[in-house]
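Engineer: Please read through the structure below; I'll follow up with questions.
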Amino acid sequence: MLSGIRVNKVLTSVYVVAGAICGFAAWVAIGRVGSVSPIAFSDVNLASITAVVIGGTSLFGGRGSIIGSVLGAMIVGVFITGLSLAGVDDYWQKFAAGCLVIIAVSLDQWLRRASQ
């Protein structure tokens, strides 16, 4: 407020944009699954973080690209689809995705320390 920013206007616009994005995501989910629940995509955050980290974006900032993130999303998608086709239980798929995050972050830290 003191710097001249209209806080109420900015806050309202942020909520409008977030609501529009959520509405669009629900529309896509209904088209994909046929119905939607508030907890339907609760584990999508893990897959998106895994994809971004595998794509080369550092969790600590400073590095990353959109192309790398898209490639990371493709890798994670193929990995999860392969586990699903192999008949692996959902809990073990989440465990494997978590292990991928840990390996990717460890590798990122190791490479960051090696370059210094």
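Ligands are numbered from 1 in the order shown, chains are lettered A, B, ... in the order of the structure tokens, and residues start at 1 in each chain.
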For Leu59 in chain A, work out the shell of residues within 12 Å, counting only C-alpha atoms and skipping chain neighbours fewer than 2 positions away, then give it as an MDAnalysis selection string.
Structural biologist: chainID A and resid 49:57 61:64 101:102 104:109 112
Engineer: Would you output that residue set with N, CA and C atoms, as a tab-separated table (two decimals), in the first residue's frame?
Structural biologist:
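The new file result-v5.tsv reads:
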```
chain	number	residue	atom	x	y	z
A	49	ILE	N	6.85	-32.04	-9.45
A	49	ILE	CA	8.15	-31.70	-8.85
A	49	ILE	C	9.22	-32.65	-9.38
A	50	THR	N	8.88	-33.92	-9.48
A	50	THR	CA	9.82	-34.91	-10.02
A	50	THR	C	10.20	-34.56	-11.46
A	51	ALA	N	9.21	-34.19	-12.26
A	51	ALA	CA	9.48	-33.86	-13.67
A	51	ALA	C	10.38	-32.65	-13.79
A	52	VAL	N	10.14	-31.64	-12.99
A	52	VAL	CA	10.95	-30.42	-13.08
A	52	VAL	C	12.37	-30.67	-12.62
A	53	VAL	N	12.54	-31.44	-11.54
A	53	VAL	CA	13.89	-31.72	-11.04
A	53	VAL	C	14.65	-32.61	-12.02
A	54	ILE	N	13.98	-33.62	-12.59
A	54	ILE	CA	14.65	-34.48	-13.57
A	54	ILE	C	14.99	-33.69	-14.82
A	55	GLY	N	14.18	-32.69	-15.15
A	55	GLY	CA	14.44	-31.85	-16.31
A	55	GLY	C	15.61	-30.91	-16.15
A	56	GLY	N	16.20	-30.84	-14.97
A	56	GLY	CA	17.40	-30.03	-14.78
A	56	GLY	C	17.21	-28.76	-13.99
A	57	THR	N	16.00	-28.47	-13.54
A	57	THR	CA	15.78	-27.29	-12.74
A	57	THR	C	16.20	-27.58	-11.30
A	61	GLY	N	17.15	-22.96	-7.02
A	61	GLY	CA	17.12	-21.79	-7.90
A	61	GLY	C	18.38	-21.64	-8.73
A	62	GLY	N	18.29	-20.79	-9.74
A	62	GLY	CA	19.46	-20.45	-10.53
A	62	GLY	C	19.63	-21.20	-11.82
A	63	ARG	N	18.98	-22.35	-11.98
A	63	ARG	CA	19.15	-23.14	-13.20
A	63	ARG	C	17.83	-23.74	-13.62
A	64	GLY	N	17.70	-23.96	-14.92
A	64	GLY	CA	16.53	-24.64	-15.43
A	64	GLY	C	16.05	-24.04	-16.74
A	101	VAL	N	12.90	-38.38	-7.13
A	101	VAL	CA	13.17	-37.01	-6.65
A	101	VAL	C	14.43	-36.99	-5.81
A	102	ILE	N	14.55	-37.94	-4.90
A	102	ILE	CA	15.73	-37.98	-4.03
A	102	ILE	C	17.00	-38.17	-4.84
A	104	ALA	N	17.45	-37.42	-8.06
A	104	ALA	CA	17.69	-36.23	-8.89
A	104	ALA	C	18.24	-35.08	-8.07
A	105	VAL	N	17.72	-34.86	-6.87
A	105	VAL	CA	18.23	-33.77	-6.02
A	105	VAL	C	19.64	-34.09	-5.56
A	106	SER	N	19.91	-35.34	-5.21
A	106	SER	CA	21.26	-35.72	-4.80
A	106	SER	C	22.25	-35.52	-5.94
A	107	LEU	N	21.87	-35.93	-7.13
A	107	LEU	CA	22.73	-35.74	-8.30
A	107	LEU	C	22.95	-34.25	-8.59
A	108	ASP	N	21.90	-33.46	-8.44
A	108	ASP	CA	22.01	-32.02	-8.64
A	108	ASP	C	22.99	-31.39	-7.65
A	109	GLN	N	22.88	-31.78	-6.39
A	109	GLN	CA	23.79	-31.26	-5.37
A	109	GLN	C	25.22	-31.71	-5.62
A	112	ARG	N	26.53	-29.68	-8.48
A	112	ARG	CA	26.74	-28.29	-8.07
A	112	ARG	C	28.03	-28.15	-7.25
```
Engineer: Can you tell me, as an NGL selection string, what residues are no more than 12 Å from Asp43 in chain A when counting only C-alpha atoms, ignoring any on the same chain fewer than 6 positions away?
Structural biologist: :A and (49-50 or 90-91 or 93-95 or 97-98)
Engineer: Would you please give, as a PyMOL selection string, all residues of range 11-105 of chain A that DSSP assigns to alpha helix (DSSP H) based on the backbone?
Structural biologist: chain A and resi 11-33+44-54+66-85+90-105
Engineer: Which one is closest to Ala73 in chain A: A:Leu85, A:Val17, A:Cys99, A:Leu46? Count only C-alpha atoms.
Structural biologist: A:Leu46
Engineer: What lies within 12 Å of Val36 in chain A using only C-alpha atoms, ignoring chain neighbours under 4 positions off, as a PDB file with N, CA and C atoms, in the first residue's frame?
Structural biologist:
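Final output, result_17.pdb:
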```pdb
ATOM      1  N   CYS A  22      -8.180 -23.171 -11.957  1.00  0.00           N
ATOM      2  CA  CYS A  22      -8.780 -24.354 -11.317  1.00  0.00           C
ATOM      3  C   CYS A  22     -10.003 -24.836 -12.090  1.00  0.00           C
ATOM      4  N   GLY A  23     -10.804 -23.896 -12.577  1.00  0.00           N
ATOM      5  CA  GLY A  23     -11.964 -24.273 -13.374  1.00  0.00           C
ATOM      6  C   GLY A  23     -11.561 -24.975 -14.659  1.00  0.00           C
ATOM      7  N   ALA A  25      -8.746 -26.627 -15.146  1.00  0.00           N
ATOM      8  CA  ALA A  25      -8.200 -27.940 -14.775  1.00  0.00           C
ATOM      9  C   ALA A  25      -9.319 -28.929 -14.467  1.00  0.00           C
ATOM     10  N   ALA A  26     -10.365 -28.477 -13.798  1.00  0.00           N
ATOM     11  CA  ALA A  26     -11.503 -29.354 -13.512  1.00  0.00           C
ATOM     12  C   ALA A  26     -12.201 -29.768 -14.795  1.00  0.00           C
ATOM     13  N   TRP A  27     -12.306 -28.840 -15.735  1.00  0.00           N
ATOM     14  CA  TRP A  27     -12.934 -29.145 -17.017  1.00  0.00           C
ATOM     15  C   TRP A  27     -12.133 -30.211 -17.763  1.00  0.00           C
ATOM     16  N   VAL A  28     -10.809 -30.082 -17.756  1.00  0.00           N
ATOM     17  CA  VAL A  28      -9.949 -31.074 -18.400  1.00  0.00           C
ATOM     18  C   VAL A  28     -10.066 -32.415 -17.679  1.00  0.00           C
ATOM     19  N   ALA A  29     -10.112 -32.396 -16.337  1.00  0.00           N
ATOM     20  CA  ALA A  29     -10.223 -33.642 -15.574  1.00  0.00           C
ATOM     21  C   ALA A  29     -11.549 -34.331 -15.834  1.00  0.00           C
ATOM     22  N   ILE A  30     -12.628 -33.569 -15.943  1.00  0.00           N
ATOM     23  CA  ILE A  30     -13.923 -34.169 -16.234  1.00  0.00           C
ATOM     24  C   ILE A  30     -13.904 -34.802 -17.623  1.00  0.00           C
ATOM     25  N   GLY A  31     -13.258 -34.142 -18.567  1.00  0.00           N
ATOM     26  CA  GLY A  31     -13.154 -34.714 -19.904  1.00  0.00           C
ATOM     27  C   GLY A  31     -12.301 -35.960 -19.944  1.00  0.00           C
ATOM     28  N   ARG A  32     -11.336 -36.038 -19.058  1.00  0.00           N
ATOM     29  CA  ARG A  32     -10.414 -37.169 -19.053  1.00  0.00           C
ATOM     30  C   ARG A  32     -10.956 -38.362 -18.269  1.00  0.00           C
ATOM     31  N   ALA A  40      -9.068 -35.825  -6.149  1.00  0.00           N
ATOM     32  CA  ALA A  40      -8.784 -36.702  -7.281  1.00  0.00           C
ATOM     33  C   ALA A  40      -7.331 -36.659  -7.714  1.00  0.00           C
ATOM     34  N   PHE A  41      -6.717 -35.496  -7.709  1.00  0.00           N
ATOM     35  CA  PHE A  41      -5.353 -35.347  -8.210  1.00  0.00           C
ATOM     36  C   PHE A  41      -4.424 -34.864  -7.095  1.00  0.00           C
ATOM     37  N   SER A  42      -4.532 -35.495  -5.946  1.00  0.00           N
ATOM     38  CA  SER A  42      -3.739 -35.051  -4.797  1.00  0.00           C
ATOM     39  C   SER A  42      -2.256 -35.376  -4.939  1.00  0.00           C
TER      40      SER A  42
END
```
Engineer: Just how far from CA of Ala96 in chain A is CA of Leu83 in chain A, in Å to one decimal?
Structural biologist: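 Rounded to one decimal, the two atoms are 9.1 Å apart.
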